[in-house]
$ cat target.cif   # mmCIF, C-alpha atoms
data_structure
#
loop_
_atom_site.label_atom_id
_atom_site.label_comp_id
_atom_site.auth_asym_id
_atom_site.auth_seq_id
_atom_site.Cartn_x
_atom_site.Cartn_y
_atom_site.Cartn_z
CA MET A 5 104.43 147.70 -51.53
CA LEU A 6 103.44 144.10 -50.80
CA PHE A 7 105.77 141.56 -49.26
CA VAL A 8 104.53 138.00 -48.79
CA ARG A 9 106.24 135.95 -46.13
CA THR A 10 105.68 132.20 -45.99
CA LYS A 11 107.10 129.63 -43.65
CA THR A 12 106.75 125.92 -42.99
CA PHE A 13 105.54 125.54 -39.45
CA GLY A 14 106.95 122.21 -38.25
CA ILE A 15 105.82 122.91 -34.70
CA ILE A 16 102.27 123.52 -35.89
CA ALA A 17 102.30 120.28 -37.82
CA ALA A 18 103.56 118.47 -34.76
CA VAL A 19 100.74 119.66 -32.55
CA MET A 20 98.00 119.32 -35.14
CA LEU A 21 95.17 117.32 -33.61
CA THR A 22 92.87 115.19 -35.71
CA VAL A 23 89.75 113.64 -34.25
CA GLY A 24 87.82 111.15 -36.34
CA ALA A 25 88.11 110.43 -40.01
CA SER A 26 90.99 111.80 -42.05
CA GLN A 27 88.68 112.88 -44.83
CA ALA A 28 85.24 114.44 -44.70
CA PHE A 29 82.68 115.71 -47.12
CA ALA A 30 80.38 118.68 -46.60
CA ALA A 31 76.81 117.55 -46.39
CA SER A 32 73.32 118.83 -45.74
CA LEU A 33 71.85 118.50 -42.24
CA GLU A 34 69.78 115.53 -43.43
CA GLU A 35 72.88 113.79 -44.78
CA ILE A 36 74.79 114.50 -41.58
CA LYS A 37 71.99 112.95 -39.51
CA ALA A 38 71.84 109.95 -41.84
CA ARG A 39 75.57 109.22 -41.63
CA GLY A 40 75.68 110.10 -37.95
CA THR A 41 78.73 112.39 -38.15
CA MET A 42 79.52 116.07 -38.76
CA THR A 43 83.11 117.17 -39.36
CA VAL A 44 84.22 120.59 -38.13
CA ALA A 45 87.54 122.41 -38.50
CA THR A 46 89.07 124.82 -35.99
CA GLU A 47 92.27 126.83 -36.13
CA ASP A 48 95.29 125.89 -34.02
CA SER A 49 96.73 129.33 -33.17
CA TYR A 50 94.07 132.02 -32.72
CA LYS A 51 94.06 132.99 -29.05
CA PRO A 52 91.66 133.52 -27.28
CA PHE A 53 89.16 131.94 -29.67
CA GLU A 54 90.94 128.67 -30.39
CA TYR A 55 94.46 127.49 -29.74
CA VAL A 56 96.47 124.56 -28.39
CA GLU A 57 98.33 124.86 -25.10
CA ASN A 58 100.37 121.96 -23.72
CA GLY A 59 98.56 119.70 -26.17
CA LYS A 60 95.11 120.77 -24.94
CA PRO A 61 92.55 122.64 -27.11
CA MET A 62 91.63 125.95 -25.46
CA GLY A 63 89.45 128.98 -26.16
CA LEU A 64 85.92 130.22 -26.73
CA ASP A 65 85.20 128.07 -29.77
CA HIS A 66 86.26 124.86 -28.05
CA GLU A 67 83.88 125.53 -25.16
CA LEU A 68 81.06 126.35 -27.59
CA LEU A 69 81.81 123.07 -29.38
CA ALA A 70 81.44 121.23 -26.07
CA LEU A 71 77.97 122.77 -25.67
CA LEU A 72 77.06 121.90 -29.26
CA ARG A 73 78.08 118.27 -28.70
CA LYS A 74 75.61 118.07 -25.80
CA GLU A 75 72.82 119.25 -28.11
CA ALA A 76 73.67 117.25 -31.23
CA SER A 77 72.01 113.92 -32.02
CA PHE A 78 75.07 112.94 -34.09
CA LYS A 79 78.80 112.64 -33.51
CA ILE A 80 80.97 115.68 -34.16
CA ASP A 81 84.47 114.97 -35.45
CA GLN A 82 86.93 117.84 -35.02
CA GLN A 83 90.10 118.64 -36.91
CA ILE A 84 92.42 121.31 -35.46
CA ILE A 85 94.50 122.72 -38.30
CA PRO A 86 96.47 125.83 -39.38
CA TRP A 87 94.41 128.73 -40.69
CA THR A 88 95.59 128.39 -44.28
CA GLY A 89 93.01 126.44 -46.25
CA LEU A 90 90.47 126.20 -43.42
CA LEU A 91 87.72 128.28 -45.01
CA ALA A 92 88.50 126.92 -48.47
CA GLY A 93 88.12 123.44 -47.01
CA VAL A 94 84.55 124.25 -46.02
CA ALA A 95 83.70 125.98 -49.29
CA THR A 96 84.95 122.98 -51.28
CA GLY A 97 83.36 120.33 -49.08
CA LYS A 98 86.32 118.95 -47.14
CA TYR A 99 84.75 120.03 -43.84
CA ASP A 100 81.10 120.59 -42.94
CA VAL A 101 81.64 123.59 -40.64
CA ALA A 102 84.39 126.13 -40.07
CA LEU A 103 84.02 126.17 -36.30
CA THR A 104 86.29 129.16 -35.99
CA ALA A 105 85.98 132.87 -35.31
CA ALA A 106 85.97 133.76 -39.02
CA VAL A 107 85.43 137.43 -39.72
CA ILE A 108 82.52 138.07 -42.07
CA THR A 109 83.74 139.90 -45.19
CA PRO A 110 82.12 140.66 -48.57
CA GLU A 111 84.60 138.33 -50.27
CA ARG A 112 83.89 135.41 -47.98
CA VAL A 113 80.11 135.58 -48.31
CA GLN A 114 80.54 134.76 -51.99
CA SER A 115 81.34 131.14 -51.11
CA LEU A 116 80.33 130.80 -47.45
CA ALA A 117 77.26 131.32 -45.28
CA PHE A 118 77.79 132.58 -41.72
CA THR A 119 75.94 131.89 -38.48
CA MET A 120 74.87 134.44 -35.92
CA PRO A 121 78.05 136.23 -34.81
CA ILE A 122 79.95 134.91 -31.81
CA ALA A 123 81.96 138.10 -31.20
CA ASP A 124 82.83 141.58 -32.38
CA ALA A 125 85.76 141.45 -34.80
CA THR A 126 86.38 145.07 -35.77
CA GLN A 127 90.01 145.43 -36.84
CA TYR A 128 92.39 147.58 -34.78
CA TYR A 129 96.11 148.23 -34.91
CA VAL A 130 98.69 147.41 -32.24
CA VAL A 131 102.17 148.92 -31.81
CA ARG A 132 105.10 148.43 -29.48
CA ALA A 133 104.49 149.79 -26.00
CA ASP A 134 107.29 152.33 -26.37
CA GLU A 135 106.23 153.50 -29.87
CA SER A 136 106.18 157.32 -29.91
CA ARG A 137 105.64 158.03 -33.62
CA ILE A 138 102.17 156.49 -33.88
CA LYS A 139 99.46 158.24 -31.89
CA GLY A 140 96.52 157.71 -34.24
CA VAL A 141 95.42 156.17 -37.54
CA ALA A 142 96.85 159.02 -39.64
CA ASP A 143 100.32 158.24 -38.26
CA LEU A 144 100.21 154.78 -39.86
CA ALA A 145 100.96 156.32 -43.27
CA GLY A 146 104.13 154.91 -44.78
CA LYS A 147 104.71 152.52 -41.87
CA SER A 148 105.23 148.76 -42.31
CA VAL A 149 102.30 146.59 -41.29
CA GLY A 150 101.84 142.90 -40.54
CA VAL A 151 98.58 141.15 -41.47
CA GLN A 152 97.35 137.57 -41.75
CA SER A 153 97.46 136.21 -45.29
CA GLY A 154 93.90 135.89 -46.56
CA GLY A 155 92.53 137.03 -43.20
CA ALA A 156 90.32 139.87 -42.03
CA SER A 157 93.34 141.95 -41.07
CA TYR A 158 94.45 141.93 -44.70
CA ALA A 159 90.90 142.79 -45.82
CA ALA A 160 90.90 145.77 -43.43
CA LEU A 161 93.60 147.40 -45.56
CA ALA A 162 90.84 148.20 -48.06
CA ASP A 163 89.29 150.45 -45.40
CA LEU A 164 92.56 151.83 -44.09
CA GLU A 165 93.97 152.87 -47.48
CA PRO A 166 91.25 155.46 -48.32
CA THR A 167 91.31 156.68 -44.72
CA LEU A 168 95.01 157.47 -45.01
CA ALA A 169 94.47 159.06 -48.42
CA LYS A 170 92.16 161.67 -46.86
CA THR A 171 95.19 163.21 -45.15
CA GLY A 172 97.58 162.59 -48.03
CA GLY A 173 99.00 159.37 -46.64
CA LYS A 174 99.60 155.96 -48.21
CA LEU A 175 100.03 152.41 -46.99
CA GLY A 176 103.60 151.38 -46.32
CA LYS A 177 105.06 147.91 -46.77
CA VAL A 178 102.52 145.13 -46.17
CA VAL A 179 103.89 141.85 -44.81
CA GLN A 180 101.58 138.83 -44.84
CA TYR A 181 101.91 136.04 -42.29
CA THR A 182 100.40 132.60 -42.01
CA SER A 183 100.20 133.00 -38.24
CA LEU A 184 99.83 136.36 -36.46
CA PRO A 185 101.93 135.37 -33.42
CA GLU A 186 104.91 135.52 -35.78
CA ALA A 187 103.84 139.02 -36.80
CA TYR A 188 103.71 140.07 -33.14
CA GLN A 189 107.25 138.76 -32.69
CA ASP A 190 108.46 140.77 -35.66
CA LEU A 191 106.70 143.83 -34.27
CA ALA A 192 108.36 143.39 -30.88
CA ASN A 193 111.74 143.01 -32.60
CA GLY A 194 111.31 146.19 -34.66
CA ARG A 195 110.85 144.54 -38.05
CA LEU A 196 107.31 145.95 -38.29
CA ASP A 197 105.78 149.24 -37.19
CA TYR A 198 102.29 147.89 -36.46
CA VAL A 199 100.09 144.83 -36.79
CA ILE A 200 96.37 144.66 -37.57
CA ASN A 201 94.01 142.18 -35.93
CA GLY A 202 90.55 141.93 -34.38
CA VAL A 203 89.70 143.89 -31.25
CA VAL A 204 89.32 140.79 -29.10
CA ASN A 205 92.68 139.34 -30.06
CA LEU A 206 94.48 142.61 -29.45
CA VAL A 207 92.79 143.19 -26.10
CA SER A 208 94.03 139.75 -25.08
CA LEU A 209 97.53 140.43 -26.43
CA THR A 210 97.95 143.79 -24.72
CA LYS A 211 96.47 142.50 -21.47
CA ASP A 212 98.92 139.59 -21.41
CA GLN A 213 101.95 141.67 -22.51
CA PRO A 214 101.37 145.32 -21.53
CA LYS A 215 105.09 146.09 -21.42
CA ARG A 216 105.57 144.95 -25.05
CA PHE A 217 102.43 146.11 -26.87
CA ARG A 218 99.95 148.97 -26.91
CA MET A 219 96.58 148.86 -28.64
CA GLY A 220 95.61 151.65 -31.02
CA GLU A 221 92.40 152.61 -32.82
CA ALA A 222 90.01 150.91 -35.22
CA VAL A 223 91.26 150.81 -38.81
CA GLY A 224 88.18 149.25 -40.39
CA ALA A 225 84.41 149.33 -40.34
CA PRO A 226 82.52 147.40 -37.60
CA THR A 227 82.72 143.68 -38.34
CA TYR A 228 81.80 140.42 -36.61
CA ALA A 229 83.15 136.88 -36.32
CA ALA A 230 81.06 133.77 -36.85
CA TRP A 231 81.13 130.08 -37.79
CA ALA A 232 80.69 129.24 -41.46
CA VAL A 233 79.24 126.57 -43.75
CA ALA A 234 79.28 126.23 -47.52
CA LYS A 235 77.04 128.74 -49.26
CA GLY A 236 73.61 127.26 -49.92
CA ASN A 237 73.75 124.77 -47.05
CA ASP A 238 70.68 126.39 -45.52
CA GLY A 239 69.52 123.49 -43.36
CA LEU A 240 72.84 123.16 -41.57
CA LEU A 241 73.06 126.94 -41.18
CA ALA A 242 69.59 127.04 -39.60
CA TYR A 243 70.57 124.23 -37.22
CA LEU A 244 73.66 126.13 -36.04
CA ASP A 245 71.72 129.39 -35.74
CA THR A 246 69.16 127.64 -33.52
CA PHE A 247 72.03 126.54 -31.28
CA MET A 248 73.48 130.07 -31.25
CA ALA A 249 70.10 131.59 -30.38
CA LYS A 250 69.76 129.13 -27.48
CA VAL A 251 73.18 129.89 -25.94
CA ARG A 252 72.48 133.60 -26.32
CA ALA A 253 69.10 133.29 -24.60
CA SER A 254 70.54 131.19 -21.77
CA GLY A 255 73.41 133.62 -21.28
CA GLU A 256 75.99 130.86 -21.82
CA LEU A 257 77.55 132.61 -24.82
CA TYR A 258 77.97 135.88 -22.93
CA ALA A 259 79.47 134.10 -19.92
CA LEU A 260 82.00 132.41 -22.20
CA GLN A 261 82.75 135.75 -23.88
CA GLU A 262 83.49 137.26 -20.47
CA LYS A 263 85.73 134.30 -19.61
CA TRP A 264 87.74 134.19 -22.83
CA LEU A 265 87.38 137.63 -24.41
CA GLY A 266 87.26 139.84 -21.34
CA ARG A 267 83.85 141.31 -22.15
CA ALA A 268 80.39 140.32 -23.36
CA PHE A 269 79.05 141.54 -26.71
CA LYS A 270 75.32 141.58 -26.01
CA ASP A 271 74.55 144.07 -28.79
CA MET A 272 75.66 141.81 -31.64
CA PRO A 273 73.24 141.50 -34.59
CA ALA A 274 71.05 138.40 -34.78
CA THR A 275 72.13 137.64 -38.34
CA ALA A 276 75.45 137.51 -40.14
CA THR A 277 76.39 140.97 -41.36
CA LYS A 278 79.37 142.87 -42.72
#
$ encode --input "target.cif" --output "structure tokens"
Amino acid sequence: MLFVRTKTFGIIAAVMLTVGASQAFAASLEEIKARGTMTVATEDSYKPFEYVENGKPMGLDHELLALLRKEASFKIDQQIIPWTGLLAGVATGKYDVALTAAVITPERVQSLAFTMPIADATQYYVVRADESRIKGVADLAGKSVGVQSGGASYAALADLEPTLAKTGGKLGKVVQYTSLPEAYQDLANGRLDYVINGVVNLVSLTKDQPKRFRMGEAVGAPTYAAWAVAKGNDGLLAYLDTFMAKVRASGELYALQEKWLGRAFKDMPATATK
């Protein structure tokens, strides 16, 4: 059973930060150099990768952007926006780069090209700290789950469903959210049985709120998060990959992973992969 929940986030709109021009057009690396500006989009509520706290942009991606700005010979304009429409904005040319921890999925590679991964993004489940019914993946059968609309957590259901079927189980009610913090709130209040999200996000959540939430097991195949450009924009992709290779070699990426994610992922593949 699928239940879609939508909500107008006035608070999100209020804290949306826009740097530079109000409109942008995806361009090749040569065009970006010629016009002197690249426009990137980051999400506004995706802790610990990118979020806004007391009006200040925080997270791994914002620090990586600061390093990229030091390397770039052109200006980088940033728009901090809600998740909805971010990847579509890159695919359709509104933004040049999705400078966000976007999970690489088979569906997304149809319209996007991904850089070297910036982090592991395998999907796990999280439950309330006092949850006694759910001890493993098989116990998720028939339980209500919260996922992000159009996100990797929703895509992970395609892996979870056949896994449950092996023991005679089925997915329960699926509730989609624009922002996962709202899903966590519903979980804490008993309106959901579990929520799915990437390993890094859930490690951060359970570390910050150990009395409210407990992390479970992986529900999907190993996946990774990366920045994205429009499919076919090979020059820009190569430019970003060169930057990623440099911050890997210098150890800067791994130091930032330790700072923001709680661990370094030094065994990540060198190319985008699902």
$ closest_residue --input "target.cif" --among "A:Ile80, A:Leu206, A:Leu184, A:Glu57" --to "Ser153 in chain A" --atoms "only C-alpha atoms"
A:Leu184
$ resolve_selection --input "target.cif" --expression "the PyMOL selection byres ((chain A and resi 62) around 10)" --output "NGL selection string"
:A and (48-61 or 63-67 or 264)
$ axis_aligned_box --input "target.cif" --around "range 132-141 of chain A" --padding-each-side "3 Å" --output "AutoDock Vina command-line options"
--center_x 101.4 --center_y 153.3 --center_z -31.8 --size_x 17.9 --size_y 15.8 --size_z 17.5
$ residues_around --input "target.cif" --residues "range 120-124 of chain A" --least-positions-apart "6" --cutoff "10 Å" --atoms "only C-alpha atoms" --output "PyMOL selection string"
chain A and resi 53+64-65+68+104-108+202-204+226-232+241-242+244-249+252+257-258+261+265+267-277
$ resolve_selection --input "target.cif" --expression "the PyMOL selection byres ((chain A and resi 155) around 12)" --output "ChimeraX atom specification"
/A:50,87-91,105-109,111-112,125,127,150-154,156-161,180-184,200-202,229
$ closest_residue --input "target.cif" --among "A:Thr171, A:Ser136, A:Ser148, A:Asn205" --to "Pro185 in chain A" --atoms "only C-alpha atoms"
A:Asn205
$ closest_residue --input "target.cif" --among "A:Ala162, A:Val94, A:Val44, A:Met219" --to "Tyr128 in chain A" --atoms "all atoms listed in the file"
A:Met219
$ residues_around --input "target.cif" --residues "Lys37 in chain A" --least-positions-apart "5" --cutoff "9 Å" --atoms "only C-alpha atoms" --output "list of chain:residue names"
A:Ser32, A:Met42, A:Ser77, A:Phe78
$ resolve_selection --input "target.cif" --expression "the PyMOL selection byres ((chain A and resi 133) around 9)" --output "VMD selection string"
chain A and resid 130 to 132 134 to 136 192 210 214 to 219
$ write_last_selection --input "target.cif" --atoms "C-alpha atoms" --output "mmCIF file, in the frame of the given file"
data_model
loop_
_atom_site.group_PDB
_atom_site.id
_atom_site.type_symbol
_atom_site.label_atom_id
_atom_site.label_comp_id
_atom_site.auth_asym_id
_atom_site.auth_seq_id
_atom_site.Cartn_x
_atom_site.Cartn_y
_atom_site.Cartn_z
ATOM 1 C CA VAL A 130 98.690 147.410 -32.240
ATOM 2 C CA VAL A 131 102.170 148.920 -31.810
ATOM 3 C CA ARG A 132 105.100 148.430 -29.480
ATOM 4 C CA ASP A 134 107.290 152.330 -26.370
ATOM 5 C CA GLU A 135 106.230 153.500 -29.870
ATOM 6 C CA SER A 136 106.180 157.320 -29.910
ATOM 7 C CA ALA A 192 108.360 143.390 -30.880
ATOM 8 C CA THR A 210 97.950 143.790 -24.720
ATOM 9 C CA PRO A 214 101.370 145.320 -21.530
ATOM 10 C CA LYS A 215 105.090 146.090 -21.420
ATOM 11 C CA ARG A 216 105.570 144.950 -25.050
ATOM 12 C CA PHE A 217 102.430 146.110 -26.870
ATOM 13 C CA ARG A 218 99.950 148.970 -26.910
ATOM 14 C CA MET A 219 96.580 148.860 -28.640
#
$ residues_around --input "target.cif" --residues "Leu175 in chain A" --least-positions-apart "4" --cutoff "8 Å" --atoms "only C-alpha atoms" --output "number ranges by chain"
A: 5, 144-148, 165, 168
$ write_last_selection --input "target.cif" --atoms "C-alpha atoms" --output "PDB file, in the coordinates of the input"
ATOM      1  CA  MET A   5     104.430 147.700 -51.530  1.00  0.00           C
ATOM      2  CA  LEU A 144     100.210 154.780 -39.860  1.00  0.00           C
ATOM      3  CA  ALA A 145     100.960 156.320 -43.270  1.00  0.00           C
ATOM      4  CA  GLY A 146     104.130 154.910 -44.780  1.00  0.00           C
ATOM      5  CA  LYS A 147     104.710 152.520 -41.870  1.00  0.00           C
ATOM      6  CA  SER A 148     105.230 148.760 -42.310  1.00  0.00           C
ATOM      7  CA  GLU A 165      93.970 152.870 -47.480  1.00  0.00           C
ATOM      8  CA  LEU A 168      95.010 157.470 -45.010  1.00  0.00           C
TER       9      LEU A 168
END
$ build_atoms --input "target.cif" --residues "range 199-221 of chain A" --atoms "N, CA, C and O atoms" --output "compact mmCIF listing (two decimals), keeping the file's coordinate frame"
# COMPACT_ATOMS: atom_id res chain seq x y z
N VAL A 199 100.78 146.04 -36.34
CA VAL A 199 100.09 144.83 -36.79
C VAL A 199 98.59 145.09 -36.67
O VAL A 199 98.14 145.79 -35.75
N ILE A 200 97.83 144.54 -37.60
CA ILE A 200 96.37 144.66 -37.57
C ILE A 200 95.75 143.33 -37.18
O ILE A 200 96.16 142.28 -37.67
N ASN A 201 94.77 143.38 -36.29
CA ASN A 201 94.01 142.18 -35.93
C ASN A 201 92.70 142.61 -35.28
O ASN A 201 92.47 143.80 -35.04
N GLY A 202 91.84 141.64 -34.98
CA GLY A 202 90.55 141.93 -34.38
C GLY A 202 90.68 142.48 -32.96
O GLY A 202 91.64 142.19 -32.24
N VAL A 203 89.67 143.23 -32.55
CA VAL A 203 89.70 143.89 -31.25
C VAL A 203 89.89 142.91 -30.12
O VAL A 203 90.65 143.16 -29.18
N VAL A 204 89.22 141.76 -30.18
CA VAL A 204 89.32 140.79 -29.10
C VAL A 204 90.74 140.25 -28.97
O VAL A 204 91.29 140.16 -27.86
N ASN A 205 91.33 139.89 -30.09
CA ASN A 205 92.68 139.34 -30.06
C ASN A 205 93.68 140.34 -29.52
O ASN A 205 94.59 139.98 -28.76
N LEU A 206 93.52 141.60 -29.90
CA LEU A 206 94.48 142.61 -29.45
C LEU A 206 94.27 143.00 -28.00
O LEU A 206 95.23 143.33 -27.30
N VAL A 207 93.03 142.96 -27.53
CA VAL A 207 92.79 143.19 -26.10
C VAL A 207 93.49 142.11 -25.29
O VAL A 207 94.13 142.38 -24.27
N SER A 208 93.38 140.86 -25.76
CA SER A 208 94.03 139.75 -25.08
C SER A 208 95.55 139.91 -25.11
O SER A 208 96.24 139.72 -24.09
N LEU A 209 96.09 140.27 -26.27
CA LEU A 209 97.53 140.43 -26.43
C LEU A 209 98.08 141.51 -25.50
O LEU A 209 99.08 141.30 -24.79
N THR A 210 97.44 142.67 -25.51
CA THR A 210 97.95 143.79 -24.72
C THR A 210 97.72 143.59 -23.22
O THR A 210 98.47 144.12 -22.40
N LYS A 211 96.70 142.82 -22.88
CA LYS A 211 96.47 142.50 -21.47
C LYS A 211 97.54 141.55 -20.96
O LYS A 211 98.05 141.70 -19.84
N ASP A 212 97.91 140.57 -21.80
CA ASP A 212 98.92 139.59 -21.41
C ASP A 212 100.34 140.17 -21.43
O ASP A 212 101.19 139.75 -20.65
N GLN A 213 100.58 141.13 -22.35
CA GLN A 213 101.95 141.67 -22.51
C GLN A 213 101.92 143.20 -22.57
O GLN A 213 102.33 143.79 -23.57
N PRO A 214 101.50 143.85 -21.51
CA PRO A 214 101.37 145.32 -21.53
C PRO A 214 102.69 146.06 -21.68
O PRO A 214 102.71 147.21 -22.12
N LYS A 215 103.80 145.42 -21.31
CA LYS A 215 105.09 146.09 -21.42
C LYS A 215 105.67 146.00 -22.83
O LYS A 215 106.65 146.68 -23.14
N ARG A 216 105.07 145.14 -23.67
CA ARG A 216 105.57 144.95 -25.05
C ARG A 216 104.68 145.62 -26.08
O ARG A 216 105.18 146.12 -27.10
N PHE A 217 103.35 145.65 -25.83
CA PHE A 217 102.43 146.11 -26.87
C PHE A 217 101.39 147.10 -26.32
O PHE A 217 100.99 147.02 -25.16
N ARG A 218 100.99 147.99 -27.22
CA ARG A 218 99.95 148.97 -26.91
C ARG A 218 98.92 148.99 -28.02
O ARG A 218 99.26 149.09 -29.20
N MET A 219 97.65 148.90 -27.66
CA MET A 219 96.58 148.86 -28.64
C MET A 219 96.23 150.26 -29.12
O MET A 219 96.20 151.21 -28.35
N GLY A 220 95.96 150.37 -30.43
CA GLY A 220 95.61 151.65 -31.02
C GLY A 220 94.12 151.77 -31.30
O GLY A 220 93.28 151.31 -30.51
N GLU A 221 93.79 152.33 -32.46
CA GLU A 221 92.40 152.61 -32.82
C GLU A 221 91.91 151.66 -33.91
O GLU A 221 92.68 150.90 -34.50
